[in-house]
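Enquirer: You'll find coords-v4.txt just under this line, and it carries compact mmCIF, C-alpha atoms.
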# COMPACT_ATOMS: atom_id res chain seq x y z
CA MET X 381 27.73 -3.33 2.59
CA THR X 382 25.54 -5.37 4.96
CA ARG X 383 23.92 -4.37 8.19
CA SER X 384 25.30 -6.12 11.24
CA ASN X 385 22.93 -8.07 13.49
CA ARG X 386 22.93 -5.11 15.85
CA ASP X 387 21.78 -2.87 13.02
CA GLN X 388 19.03 -5.09 11.67
CA PRO X 389 15.79 -3.18 11.04
CA THR X 390 13.15 -3.23 13.72
CA LEU X 391 9.56 -2.18 13.96
CA SER X 392 9.20 0.61 16.44
CA THR X 393 6.05 -0.67 18.15
CA GLU X 394 5.53 -3.79 20.22
CA THR X 395 5.19 -7.03 18.28
CA SER X 396 3.13 -8.66 21.02
CA ARG X 397 0.01 -6.66 20.22
CA ALA X 398 -2.47 -8.91 18.40
CA PRO X 399 -3.45 -7.32 15.08
CA GLN X 400 -7.12 -7.05 14.34
CA GLY X 401 -9.21 -6.41 11.22
CA THR X 402 -7.81 -7.57 7.90
CA GLN X 403 -4.39 -8.10 9.48
CA GLY X 404 -5.37 -10.24 12.42
CA THR X 405 -5.92 -13.91 13.05
CA GLN X 406 -9.53 -14.81 13.68
CA SER X 407 -10.62 -17.44 16.15
CA THR X 408 -10.89 -21.03 14.91
CA GLN X 409 -14.62 -21.05 15.48
CA SER X 410 -15.10 -17.82 13.51
CA THR X 411 -12.90 -19.08 10.71
CA GLN X 412 -14.75 -22.36 10.42
CA SER X 413 -18.17 -20.78 10.48
CA THR X 414 -17.80 -17.76 8.22
CA HIS X 415 -14.43 -17.74 6.44
CA GLN X 416 -14.13 -20.13 3.52
CA THR X 417 -11.61 -20.15 0.71
CA GLU X 418 -12.37 -19.48 -2.93
CA ALA X 419 -11.52 -23.06 -3.79
CA THR X 420 -14.69 -24.30 -2.10
CA GLY X 421 -16.81 -21.74 -3.92
CA ARG X 422 -18.23 -20.62 -0.59
CA VAL X 423 -17.67 -17.00 0.39
CA MET X 424 -19.66 -14.29 2.10
CA PRO X 425 -20.26 -11.21 -0.07
CA GLY X 426 -18.46 -8.24 1.41
CA ASP X 427 -16.68 -10.31 4.06
CA ALA X 428 -13.14 -9.00 4.46
CA SER X 429 -11.86 -12.55 4.91
CA ALA X 430 -13.93 -14.21 2.20
CA TYR X 431 -11.21 -14.51 -0.40
CA GLN X 432 -8.59 -16.07 1.85
CA ALA X 433 -8.59 -17.70 5.26
CA PRO X 434 -6.88 -15.09 7.47
CA ASP X 435 -5.26 -17.60 9.81
CA THR X 436 -3.05 -19.00 7.03
CA ARG X 437 -1.20 -15.84 6.00
CA ARG X 438 1.34 -13.53 7.56
CA THR X 439 0.32 -10.22 9.02
CA LEU X 440 1.94 -7.08 7.62
CA ARG X 441 3.83 -6.73 10.88
CA GLN X 442 5.28 -10.22 10.37
CA ILE X 443 6.17 -9.39 6.77
CA LEU X 444 8.05 -6.26 7.83
CA SER X 445 9.82 -8.24 10.58
CA ALA X 446 11.02 -10.98 8.22
CA ASP X 447 14.44 -11.13 6.57
CA GLU X 448 13.27 -10.91 2.95
CA CYS X 449 12.21 -8.20 0.53
CA LEU X 450 8.94 -8.80 -1.29
CA VAL X 451 7.37 -6.94 -4.19
CA ALA X 452 4.09 -5.16 -3.49
CA ALA X 453 1.37 -4.87 -6.10
CA SER X 454 -0.14 -1.59 -7.22
CA VAL X 455 -3.88 -1.84 -6.53
CA PHE X 456 -6.57 0.76 -7.03
CA ASP X 457 -9.92 -1.00 -6.60
CA ALA X 458 -11.45 -4.28 -5.46
CA ALA X 459 -10.93 -5.95 -8.84
CA SER X 460 -7.21 -5.13 -8.98
CA ALA X 461 -6.84 -6.36 -5.38
CA ARG X 462 -8.27 -9.74 -6.42
CA LEU X 463 -5.86 -9.90 -9.33
CA ALA X 464 -2.98 -9.08 -6.97
CA ARG X 465 -4.07 -11.96 -4.76
CA HIS X 466 -4.15 -14.25 -7.81
CA ILE X 467 -0.52 -13.52 -8.72
CA GLY X 468 0.55 -14.18 -5.13
CA ALA X 469 1.09 -10.64 -3.86
CA GLU X 470 0.72 -10.35 -0.09
CA VAL X 471 0.90 -6.55 0.00
CA GLY X 472 -0.94 -4.01 -2.12
CA VAL X 473 -0.31 -0.29 -2.32
CA LEU X 474 -3.01 2.28 -3.06
CA GLY X 475 -1.20 5.36 -4.34
CA GLY X 476 -2.63 8.85 -4.24
CA SER X 477 -2.16 9.20 -7.99
CA ALA X 478 -3.97 5.92 -8.70
CA ALA X 479 -6.83 6.82 -6.37
CA ALA X 480 -7.19 10.25 -7.97
CA GLN X 481 -7.41 8.69 -11.44
CA VAL X 482 -9.92 5.95 -10.70
CA VAL X 483 -12.13 7.90 -8.27
CA LEU X 484 -12.18 11.35 -9.86
CA GLY X 485 -10.43 11.01 -13.22
CA VAL X 486 -7.94 13.75 -12.32
CA PRO X 487 -4.14 14.00 -12.05
CA ASP X 488 -2.23 13.71 -8.78
CA ILE X 489 -2.60 17.33 -7.65
CA VAL X 490 -4.45 16.71 -4.35
CA LEU X 491 -7.98 17.20 -5.63
CA LEU X 492 -8.88 13.90 -3.99
CA THR X 493 -10.29 14.34 -0.48
CA ALA X 494 -9.56 12.23 2.58
CA SER X 495 -13.11 10.87 2.42
CA ASP X 496 -12.59 9.82 -1.21
CA LEU X 497 -9.42 7.96 -0.22
CA VAL X 498 -11.00 6.30 2.80
CA GLU X 499 -13.98 4.98 0.87
CA GLN X 500 -11.81 3.58 -1.93
CA SER X 501 -9.59 1.95 0.70
CA ARG X 502 -12.63 0.42 2.38
CA ARG X 503 -13.76 -1.13 -0.91
CA ILE X 504 -10.35 -2.72 -1.38
CA CYS X 505 -10.01 -3.90 2.21
CA ARG X 506 -13.37 -5.63 2.31
CA THR X 507 -12.10 -8.15 -0.28
CA GLY X 508 -9.45 -9.32 2.19
CA CYS X 509 -7.10 -10.05 -0.71
CA VAL X 510 -3.98 -8.09 0.27
CA HIS X 511 -2.55 -6.19 3.19
CA LEU X 512 -3.22 -2.65 1.99
CA ILE X 513 -0.70 0.17 2.37
CA VAL X 514 -2.37 3.50 1.63
CA ASP X 515 -0.55 6.62 0.52
CA ALA X 516 -2.27 9.34 2.55
CA ASP X 517 -0.08 12.13 1.14
CA HIS X 518 0.29 14.89 3.76
CA GLY X 519 -2.64 13.63 5.85
CA TYR X 520 -4.96 16.17 4.20
CA GLY X 521 -4.09 19.11 6.40
CA ASN X 522 -2.43 19.90 9.70
CA ALA X 523 -1.75 17.50 12.57
CA LEU X 524 -5.40 17.43 13.63
CA ASN X 525 -6.49 16.65 10.08
CA VAL X 526 -3.91 13.87 10.11
CA MET X 527 -5.56 12.38 13.18
CA ARG X 528 -8.96 12.30 11.48
CA THR X 529 -7.48 10.72 8.34
CA ILE X 530 -5.60 8.05 10.30
CA SER X 531 -8.63 7.20 12.41
CA ASP X 532 -10.85 6.79 9.35
CA LEU X 533 -8.31 4.69 7.42
CA GLN X 534 -7.83 2.37 10.38
CA ALA X 535 -11.60 1.93 10.65
CA ALA X 536 -11.64 1.04 6.94
CA GLY X 537 -9.32 -1.89 7.59
CA VAL X 538 -6.11 -0.47 6.13
CA ALA X 539 -2.96 -2.37 7.17
CA ALA X 540 -0.58 0.60 7.01
CA THR X 541 -0.74 4.29 6.17
CA CYS X 542 2.10 6.24 4.63
CA LEU X 543 2.37 9.86 5.76
CA GLU X 544 4.73 12.32 4.05
CA ASP X 545 6.28 15.71 4.80
CA SER X 546 5.39 17.46 1.54
CA ARG X 547 3.67 20.84 1.65
CA LEU X 548 0.41 20.11 -0.16
CA PRO X 549 -1.47 21.24 -2.10
CA LYS X 550 1.02 23.35 -4.03
CA GLU X 551 0.89 27.03 -3.13
CA HIS X 552 0.49 29.94 -5.53
CA GLY X 553 3.83 31.02 -6.93
CA SER X 554 5.63 27.83 -5.97
CA GLY X 555 8.15 26.42 -8.42
CA PRO X 556 8.41 22.94 -9.87
CA GLN X 557 10.35 21.59 -6.88
CA GLN X 558 8.26 19.95 -4.17
CA ALA X 559 8.19 22.09 -1.03
CA LEU X 560 8.46 20.38 2.34
CA VAL X 561 7.09 21.27 5.75
CA SER X 562 9.67 21.87 8.46
CA MET X 563 11.17 18.85 10.15
CA GLU X 564 9.46 19.93 13.37
CA GLU X 565 6.05 19.99 11.70
CA GLY X 566 6.75 16.66 10.04
CA CYS X 567 7.51 15.13 13.44
CA GLN X 568 4.36 16.60 14.93
CA LYS X 569 2.30 15.05 12.15
CA MET X 570 3.91 11.67 12.79
CA ARG X 571 3.17 11.99 16.52
CA ALA X 572 -0.42 12.91 15.76
CA ALA X 573 -0.76 9.87 13.49
CA LEU X 574 0.59 7.54 16.18
CA HIS X 575 -1.72 9.12 18.75
CA ALA X 576 -4.75 8.65 16.50
CA ARG X 577 -3.77 5.04 15.75
CA GLY X 578 -3.61 4.31 19.47
CA ASP X 579 -3.63 0.59 20.24
CA GLY X 580 -5.09 -0.26 16.84
CA PRO X 581 -3.37 -2.60 14.39
CA MET X 582 -2.62 -0.17 11.56
CA LEU X 583 1.06 0.63 11.02
CA ILE X 584 2.32 4.17 10.45
CA LEU X 585 5.00 4.62 7.79
CA GLY X 586 6.98 7.85 7.93
CA ARG X 587 7.87 9.17 4.48
CA THR X 588 10.06 12.00 3.29
CA ASN X 589 10.25 13.40 -0.24
CA ALA X 590 13.48 15.21 0.55
CA ILE X 591 15.59 13.01 -1.74
CA ASP X 592 13.91 14.52 -4.80
CA SER X 593 13.89 18.10 -3.51
CA THR X 594 16.43 18.99 -0.81
CA GLY X 595 18.86 16.10 -1.15
CA ILE X 596 20.04 12.94 0.56
CA ASP X 597 21.50 14.65 3.66
CA ASP X 598 18.20 16.30 4.53
CA ALA X 599 16.37 13.07 3.74
CA ILE X 600 18.50 11.14 6.21
CA ALA X 601 18.02 13.77 8.90
CA ARG X 602 14.25 13.67 8.43
CA LEU X 603 14.10 9.88 8.42
CA GLN X 604 16.11 9.79 11.64
CA ALA X 605 13.73 12.32 13.19
CA TYR X 606 10.63 10.35 12.19
CA GLU X 607 12.25 7.16 13.46
CA SER X 608 12.87 8.82 16.83
CA VAL X 609 9.18 9.75 17.04
CA GLY X 610 8.31 6.07 16.86
CA VAL X 611 6.85 5.36 13.41
CA ASP X 612 6.60 1.66 12.60
CA ALA X 613 8.68 1.81 9.40
CA LEU X 614 10.19 4.32 6.99
CA PHE X 615 8.97 4.88 3.43
CA VAL X 616 11.65 6.02 0.98
CA PRO X 617 10.65 7.05 -2.57
CA TYR X 618 12.58 8.15 -5.67
CA LEU X 619 15.97 6.59 -4.95
CA LYS X 620 18.23 6.74 -7.98
CA GLN X 621 21.49 5.16 -6.82
CA ARG X 622 22.65 2.43 -4.47
CA ASP X 623 24.92 4.70 -2.47
CA ASP X 624 21.93 6.69 -1.22
CA LEU X 625 20.14 3.59 0.04
CA GLU X 626 23.34 2.35 1.68
CA ARG X 627 23.72 5.68 3.46
CA ILE X 628 20.13 5.55 4.67
CA ALA X 629 20.48 1.94 5.81
CA SER X 630 23.56 2.89 7.84
CA ALA X 631 21.84 5.89 9.43
CA VAL X 632 18.58 4.30 10.62
CA ARG X 633 17.55 1.07 12.32
CA SER X 634 13.95 0.92 11.13
CA THR X 635 12.45 -1.32 8.50
CA LEU X 636 12.40 0.32 5.06
CA VAL X 637 9.79 0.41 2.30
CA VAL X 638 11.14 1.59 -1.06
CA ALA X 639 8.95 2.87 -3.89
CA GLY X 640 9.52 4.37 -7.32
CA ALA X 641 13.27 3.72 -7.23
CA HIS X 642 15.50 3.29 -10.27
CA ALA X 643 15.36 -0.22 -11.72
CA SER X 644 19.11 -0.67 -11.14
CA LEU X 645 18.41 -0.94 -7.40
CA PHE X 646 16.15 -3.96 -7.79
CA ASP X 647 18.11 -6.81 -6.27
CA PRO X 648 15.91 -8.53 -3.66
CA ALA X 649 18.80 -10.15 -1.80
CA TRP X 650 20.76 -6.91 -1.56
CA LEU X 651 17.63 -4.92 -0.67
CA ALA X 652 16.92 -7.35 2.16
CA GLN X 653 20.46 -6.81 3.46
CA MET X 654 19.77 -3.07 3.43
CA GLY X 655 16.70 -3.55 5.62
CA VAL X 656 14.17 -3.14 2.81
CA ARG X 657 11.17 -5.40 3.35
CA VAL X 658 8.79 -4.10 0.68
CA TRP X 659 9.64 -2.90 -2.84
CA MET X 660 7.07 -1.03 -4.91
CA TRP X 661 7.76 -0.37 -8.60
CA GLY X 662 5.10 2.27 -9.10
CA HIS X 663 1.61 2.50 -10.54
CA GLN X 664 2.45 1.68 -14.16
CA PRO X 665 -0.10 -1.20 -14.29
CA LEU X 666 -2.93 1.33 -14.07
CA ALA X 667 -1.47 3.33 -16.98
CA VAL X 668 -1.16 0.14 -19.05
CA ALA X 669 -4.71 -0.89 -18.18
CA THR X 670 -5.97 2.57 -19.12
CA ALA X 671 -4.24 2.37 -22.50
CA GLU X 672 -5.78 -1.03 -23.15
CA LEU X 673 -9.21 0.27 -22.13
CA LEU X 674 -8.84 3.16 -24.56
CA ARG X 675 -7.80 0.79 -27.35
CA ALA X 676 -10.76 -1.52 -26.72
CA MET X 677 -13.25 1.36 -26.57
CA GLN X 678 -11.89 2.80 -29.79
CA SER X 679 -12.08 -0.58 -31.50
CA ALA X 680 -15.72 -0.99 -30.45
CA GLN X 681 -16.48 2.56 -31.59
CA ASN X 682 -14.99 1.70 -34.99
CA GLY X 683 -17.27 -1.30 -35.33
CA MET X 684 -15.24 -4.28 -34.08
CA PRO X 685 -17.68 -7.05 -33.08
CA ALA X 686 -17.73 -8.08 -29.44
CA SER X 687 -16.76 -11.62 -30.45
CA GLU X 688 -13.47 -10.31 -31.82
CA LEU X 689 -12.85 -7.82 -29.02
CA LEU X 690 -13.41 -10.23 -26.13
CA ASN X 691 -10.78 -12.97 -26.25
CA GLU X 692 -10.18 -15.84 -23.84
CA ASP X 693 -7.57 -13.93 -21.82
CA ALA X 694 -10.04 -11.09 -21.26
CA ARG X 695 -12.75 -13.50 -20.12
CA ARG X 696 -10.39 -15.23 -17.71
CA ALA X 697 -9.10 -11.97 -16.24
CA SER X 698 -12.64 -10.72 -15.74
CA LYS X 699 -13.61 -13.88 -13.89
CA LEU X 700 -10.57 -13.59 -11.62
CA ALA X 701 -11.24 -9.91 -10.91
CA THR X 702 -14.82 -10.61 -9.85
CA ALA X 703 -14.31 -13.90 -7.96
CA SER X 704 -16.78 -15.37 -10.40
CA GLN X 705 -16.25 -19.00 -9.38
CA ALA X 706 -16.91 -18.22 -5.74
CA TYR X 707 -20.10 -16.35 -6.49
CA GLU X 708 -21.30 -19.16 -8.72
CA GLY X 709 -21.00 -21.35 -5.64
CA LEU X 710 -23.08 -18.89 -3.62
CA THR X 711 -25.68 -18.83 -6.33
CA ASP X 712 -25.91 -22.61 -6.36
CA GLN X 713 -26.12 -22.72 -2.57
CA PHE X 714 -28.69 -20.00 -1.92
CA LEU X 715 -30.59 -19.20 -5.10
CA ARG X 716 -31.27 -22.60 -6.64
Please, can you express the file's structure as structure tokens?
Expert:
Amino acid sequence: MTRSNRDQPTLSTETSRAPQGTQGTQSTQSTQSTHQTEATGRVMPGDASAYQAPDTRRTLRQILSADECLVAASVFDAASARLARHIGAEVGVLGGSAAAQVVLGVPDIVLLTASDLVEQSRRICRTGCVHLIVDADHGYGNALNVMRTISDLQAAGVAATCLEDSRLPKEHGSGPQQALVSMEEGCQKMRAALHARGDGPMLILGRTNAIDSTGIDDAIARLQAYESVGVDALFVPYLKQRDDLERIASAVRSTLVVAGAHASLFDPAWLAQMGVRVWMWGHQPLAVATAELLRAMQSAQNGMPASELLNEDARRASKLATASQAYEGLTDQFLR
């Protein structure tokens, strides 16, 4: 099954608006005077464009308007964003579960606050390494709370914010299944997010968790409703079979972002035909990194010398994560 030209995905907002912040193209004069690439060893600490000249890469809007499906990287701090840039990822996703772990050291049960999320997003965005999509869960409250969250994330330089229709945090007496707000309330939250975004560059991604709780039919109805409100793209998690994605692709016209789907769905060419422009595996890299950190700490605790613990791969990764070469150039230029 392939979408016809008439049914190709579209972004719901005007493409003529010039993106700003980490998405936008800076003037030639500004680029020449303050934005240098890492290769020259000349960067400005904290400059959102320091790691990559912004006028040479696609905006997130352009990525979502293209005819290909790319793989987004799971990022959770500035260092992981730099590593994502190194492997060629254009888009990074900050998940609520990843943010909860690295900021608070807690599971994904909505103990993280909106302020926690915004500040972590700001730290990632100031590297300028990836277009950051942030999972803002339920917007941290009602529609007015959503507006505050969206406004703050846009000010932090986030490229897109994903807003879902889950009823969070979990209520007393609720079962294991994820409860959802009504479709009407979900639409009102999406409208509030778009209102708060205003003419700013940040994209709003409408997400439903219905597939994993109330089923594919309800998921399609909700996605159609959020599309009609005017969100810029639709975020679809937890897909387990191709038929469900094909049904969704037939029912909506918007660009799709797919996350946490079964590995059997990963076929970039087919996904692109279905209108999927970004694929996100999940946040397994953080779990792997945490396991390796635990192993290294245990080894040191047991007496392993640093010379044995720190191998060449570890040294190289650390230098990449900290833009060491670029900062050596700054040191030579300004401190010697």
Enquirer: Which one is closest to Ala697 (chain X): X:Ala479, X:Leu463, X:Ala458, X:Ala452? Count all atoms listed in the file.
Expert: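 Smallest separation from Ala697 (chain X) among the options: X:Leu463.
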Enquirer: Which is closer to Ile513 (chain X) than all the others in X:Leu491, X:Ala694, X:Ala652, X:Ala536, using all atoms listed in the file?
Expert: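 When distances to Ile513 (chain X) are compared using all atoms listed in the file, the smallest one comes from X:Ala536.
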Enquirer: For Ala461 (chain X), which residue out of X:Ala703, X:Leu651, X:Leu391, X:Leu636 is the nearest one, using all atoms listed in the file?
Expert: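 Smallest distance to Ala461 (chain X) is found for X:Ala703.
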Enquirer: Restricting the calculation to all atoms listed in the file: of X:Ala639, X:Ala590, X:Ile600, X:Ala576, which residue gets closest to Phe615 (chain X)?
Expert: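 Ranking X:Ala639, X:Ala590, X:Ile600, X:Ala576 by distance to Phe615 (chain X), first place goes to X:Ala639.
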Enquirer: Using CA of Leu614 (chain X) and CA of Val514 (chain X) as the two end points, give the distance in Å to one decimal.
Expert: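 Those two atoms sit 13.7 Å apart.
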Enquirer: Find the residues around Gln534 (chain X) up to 12 Å (all atoms listed in the file counted), leave out those fewer than 5 positions away in its own chain, and share them as a VMD selection string.
Expert: chain X and resid 399 to 403 498 to 499 501 to 502 505 512 to 514 516 527 to 529 539 to 541 573 to 574 576 to 584
Enquirer: Using Å and a single decimal, report how far CA of Val538 (chain X) sits from CA of Val637 (chain X).
Expert: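 That distance, rounded to one decimal, is 16.4 Å.
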Enquirer: Which residue, X:His511, X:Val638, X:Leu444, X:Leu548, has the smallest gap to Leu492 (chain X) when you use all atoms listed in the file?
Expert: X:Leu548
Enquirer: Rank X:Gly709, X:Pro549, X:Gly595, X:Gly566 by their smallest atom-to-atom distance to Ala523 (chain X), using all atoms listed in the file, and report the top residue only.
Expert: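 Of X:Gly709, X:Pro549, X:Gly595, X:Gly566, the one nearest Ala523 (chain X) is X:Gly566, counting all atoms listed in the file.
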Enquirer: Within 12 Å of (10.4, 21.3, -8.8) in the file's own coordinates, which protein, DNA or RNA residues have an atom, counting all atoms listed in the file? List them as a list of chain:residue names.
Expert: X:Lys550, X:Gly553, X:Ser554, X:Gly555, X:Pro556, X:Gln557, X:Gln558, X:Ala559, X:Leu560, X:Asn589, X:Ala590, X:Asp592, X:Ser593, X:Thr594
